[in-house]
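Heads up, the thing below is written out as structure tokens.
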Amino acid sequence: MKLIFEISGEGHGCDLLPALDVPPYQLSGFEKRGIALDLPQLSEVELSRHYTRLMKRTFGVNSGFYPLGSCTMKYNPRVNEEMAALSGFAEIHPLQPEHTVQGCLQVISEAEKALCEITGMDAVTMQPAAGSHGEFTGVMMIKAYHESRGDTKRTKIIVPDAAHGTNPASATMAGYTVVNIPSNAEGCVDLEKLREVAGEDTAGFMLTNPNTVGIFERNILEITKIIHDAGGLNYYDGANLNAIVGVTRPGDMGFDVIHLNLHKTFSTPHGGGGPGAGPVGCKEFLRDFMPDYEVIEEDGKYKFNRPEKSIGSVKAFYGNFLIVVRALTYIKTLGAEGIKNVSTHAVLNANYMRVKLAKFFDVAYDGICMHEFVLTLKNVKDQYGVSALDVAKTLLENGIHPPTMYFPLIVPEALMLEPTETESKETMDEVIAIFEKVYNLILSDPASLHEMPLTTPVRRLDEVAAARNPRITCCQ
Ligand SMILES: *Cc1c(COP(=O)(O)O)cnc(C)c1O
């Protein structure tokens with residue numbers, strides 16, 4: 001496929017500026033560019049075709065099944081987009097005075113209240129732009145809390161080995177030493193190990209629940225108590241909230257600070273680098289440390305307020321506001337009953353696929369799962385030389401997006417599936433049939449899987465070279 005610069009032709013440009021009706025201003029020497037700006041010149045139809053071609057080569061939730069575990073690739077309802085496109089939301093300026101953006105502040109305030117109710121927290125900020133950004137914000141708040149009490153000997157954050165890589169990264173960026181604890185044979189937190197490491201130097205504990213192998217931590221209250229008894233705080237990575245939303249709440253499980261991923265659980269678009277939103281919620285005693293600004297209501301008017309001991313801004317202005325509009329639309333269209341149906345159907349779908357796929361592949365931690373589960377292809381690799389990567393590439397050849405691969409790190413040859421609640425039984429049955437087809441191919445012609453995919457726009461990419469030597473400009 002040609003680059004936009006290769007389609008460009010002198011004089012094709014679609015000039016949308018009106019004719020000049022004021023005297024032209026002559027730029028002085030230093031204001032002028034040294035070389036002409038190299039912009040592609042395309043007619044409107046060439047431009048439209050270029051992006052349509054690109055769109056067709058891209059796989060998204062609107063193209064087909066997308067079971068990327070831990071990412072909650074659910075359908076993003078169009079009504080969310082319609083609300084976010086309303087000019088009163090989309091065309092505001094970040095520096096507009098508060099009294100001219102009351103409706104927008106109301107959206108932030110209502111979304112914050114809804115998320116408080118859903119999570120059992122007392123305050124929520126919409127500032128962070130992603131889940132990882134929320135983790136960093138939350139850990140900074142934990143740090144500010146300990147420091148405000150003069151408790152400076154707490155230098156460690158405990159993170160289970162099943163955690164998403166962003167957890168230890170966020171703790172490290174906030175200046176903490178990360179203490180890793182191994183999971184037990186059921187894929188859960190090992191209570192003995194946790195008791196061993198929790199102590200006077202523990203600032204906090206970061207937990208994903210349900211965890212990254214799709215299991216709701218069996219001893220959740222005991223876990224949060226161990227940390228609290230040691231004087232630490234509990235951080236809840238809410239990336240997997242889709243499994244429990246409307247059913248149970250991190251605030252009732254002993255967590256002090258949490259993040260959510262609006263671009264996962266609350267159906268706002270994701271992928272391609274954002275924009276996303278990773279709201280952070282906290283209990284009352286941490287409210288003063290929240291990032292500025294928070295939206296407060298006074299005499300029926302909304303305004304910004306800087307929490308007293310705020311850790312400061314973590315993102316410009318209100319965060320990614322239009323993502324909040326989409327999430328609030330989603331919450332309001334579903335209502336309390338609808339939100340509960342999200343998690344119960346997500347869990348039902350995951351269990352349906354788990355049981356069906358267990359006929360072909362090993363499930364890493366068998367038994368009832370939450371909204372996702374992990375297959376391990378270790379035996380397939382040992383017996384047939386076919387890796388999880390080979391299977392993922394073969395799924396691509398069959399028109400479906402592969403599951404998450406090689407995560408969590410504690411499962412060898414992992415494929416992690418999360419169908420989400422928006423897939424029908426018919427779609428899941430089609431996908432199960434594709435897995436069966438791939439399984440039969442492993443038995444009959446394992447070598448052929450190393451060559452997959454055959455007919456996609458690009459085949460196997462050199463991912464290491466792409467990461468080490470990225471080509472981010474078109475020309476060199
Ligand atoms: C997605 C995810 C994150 C990070 O969230 P981003 O919004 O991608 O930064 C953190 N933890 C878990 C378990 C996740 O699945």
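Within each chain, counting starts at residue 1; across the structure tokens, chains are named A, B, ... in the order shown, with ligands numbered 1 upward in that order.
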Residues up to 6 Å from ligand 1, counting only C-alpha atoms and all ligand atoms: could you list those as a ChimeraX atom specification?
/A:70-71,130-132,164,166,208,237,239,261
Can you tell me, as a PyMOL selection string, which residues in range 126-366 of chain A count as strand (DSSP E) by DSSP?
chain A and resi 156-160+177-181+202-208+233-237+257-259+280-282+294-298+301-305+362-363
Give me, as a PyMOL selection string, all polymer residues having an atom no more than 8 Å from Cys282 in chain A, counting only C-alpha atoms and skipping those fewer than 4 positions away in the same chain.
chain A and resi 121-124+256-258+286-287
Test item, alpha helix (DSSP H) assignment across range 251-423 of chain A, answer as number ranges by chain:
A: 321-357, 378-384, 388-397
So that I can check the surroundings of Gly187 in chain A, please list as a short mmCIF file (atom, residue, chain, number, x, y, z; two decimals) with N, CA and C atoms, in the first residue's frame every protein, DNA and RNA residue that reaches within 10 Å of it, counting only C-alpha atoms and ignoring chain neighbours fewer than 4 positions away.
data_model
loop_
_atom_site.label_atom_id
_atom_site.label_comp_id
_atom_site.auth_asym_id
_atom_site.auth_seq_id
_atom_site.Cartn_x
_atom_site.Cartn_y
_atom_site.Cartn_z
N ASP A 161 3.49 -11.65 41.63
CA ASP A 161 4.20 -11.91 40.36
C ASP A 161 3.25 -12.01 39.17
N ALA A 162 1.95 -12.15 39.43
CA ALA A 162 1.00 -12.24 38.32
C ALA A 162 0.61 -10.86 37.79
N PRO A 182 5.40 -14.52 45.03
CA PRO A 182 4.91 -15.54 44.10
C PRO A 182 3.46 -15.88 44.37
N SER A 183 2.75 -16.32 43.35
CA SER A 183 1.36 -16.78 43.51
C SER A 183 1.39 -18.24 43.93
N ASN A 211 -7.81 -11.46 39.57
CA ASN A 211 -6.41 -11.34 39.17
C ASN A 211 -6.21 -11.67 37.70
N THR A 212 -4.95 -11.62 37.28
CA THR A 212 -4.69 -11.74 35.84
C THR A 212 -4.87 -13.15 35.30
N VAL A 213 -5.15 -14.14 36.17
CA VAL A 213 -5.51 -15.44 35.62
C VAL A 213 -7.03 -15.65 35.66
N GLY A 214 -7.75 -14.57 35.97
CA GLY A 214 -9.21 -14.62 35.90
C GLY A 214 -9.87 -15.20 37.13
N ILE A 215 -9.17 -15.15 38.25
CA ILE A 215 -9.74 -15.71 39.49
C ILE A 215 -9.94 -14.61 40.52
N PHE A 216 -11.10 -14.63 41.15
CA PHE A 216 -11.37 -13.70 42.24
C PHE A 216 -10.57 -14.18 43.46
N GLU A 217 -9.74 -13.31 44.00
CA GLU A 217 -8.88 -13.70 45.13
C GLU A 217 -9.72 -14.29 46.27
N ALA A 364 -4.99 -23.10 32.25
CA ALA A 364 -3.90 -22.98 33.22
C ALA A 364 -4.38 -23.21 34.66
N TYR A 365 -5.47 -22.58 35.03
CA TYR A 365 -6.02 -22.78 36.38
C TYR A 365 -7.48 -23.17 36.19
N ILE A 410 3.54 -15.79 34.57
CA ILE A 410 3.68 -17.02 35.37
C ILE A 410 3.11 -18.25 34.65
N VAL A 411 2.44 -18.05 33.52
CA VAL A 411 1.89 -19.19 32.77
C VAL A 411 2.71 -19.39 31.49
#
Kindly indicate which residue among A:Leu241, A:Leu191, A:Ile339, A:Val295 lies nearest to Glu110 in chain A, using only C-alpha atoms for the distances.
A:Val295
Find the residues of range 222-263 of chain A that sit at most 12 Å from range 314-325 of chain A; for each, write down the nearest two atoms and how far apart they are in Å, to one decimal. Count only C-alpha atoms. Sort by chain, then by number going up, and give it as a Markdown table.
| residue | atom | partner | partner_atom | distance |
| --- | --- | --- | --- | --- |
| A:Leu260 | CA | A:Val324 | CA | 11.9 |
| A:Asn261 | CA | A:Ile323 | CA | 10.5 |
| A:Leu262 | CA | A:Ile323 | CA | 7.4 |
| A:His263 | CA | A:Ile323 | CA | 7.9 |
Please, could you write that set of residues out with C-alpha atoms as a PDB file, in the first residue's frame?
ATOM      1  CA  LEU A 260     -10.471   2.144  36.726  1.00  0.00           C
ATOM      2  CA  ASN A 261      -9.948   2.010  32.987  1.00  0.00           C
ATOM      3  CA  LEU A 262     -12.857   3.811  31.336  1.00  0.00           C
ATOM      4  CA  HIS A 263     -11.540   2.497  28.024  1.00  0.00           C
TER       5      HIS A 263
END
Each range 31-102 of chain A residue no farther than 12 Å from range 415-426 of chain A, nearest pair in Å, only C-alpha atoms, as CSV:
residue,atom,partner,partner_atom,distance
A:Val61,CA,A:Thr422,CA,10.2
A:Asn62,CA,A:Thr422,CA,11.6
A:Gly64,CA,A:Glu423,CA,9.9
A:Phe65,CA,A:Glu423,CA,7.8
A:Tyr66,CA,A:Pro419,CA,7.2
A:Pro67,CA,A:Glu418,CA,4.8
A:Leu68,CA,A:Glu418,CA,5.9
A:Gly69,CA,A:Glu418,CA,4.5
A:Ser70,CA,A:Glu418,CA,7.0
A:Cys71,CA,A:Glu418,CA,7.9
A:Thr72,CA,A:Thr420,CA,6.3
A:Met73,CA,A:Thr420,CA,7.0
A:Lys74,CA,A:Thr420,CA,5.8
A:Tyr75,CA,A:Thr422,CA,6.2
A:Asn76,CA,A:Thr422,CA,9.5
A:Pro77,CA,A:Thr422,CA,10.3
Just the residues within 12 Å of Phe89 in chain A, please, counting only C-alpha atoms, with nothing from its chain fewer than 4 positions along; format it as a VMD selection string.
chain A and resid 81 to 85 93 to 94 100 to 108 320 to 326
Please, what distance in Å, to one decimal, runs between CA of Ser87 in chain A and CA of Met126 in chain A?
20.7 Å
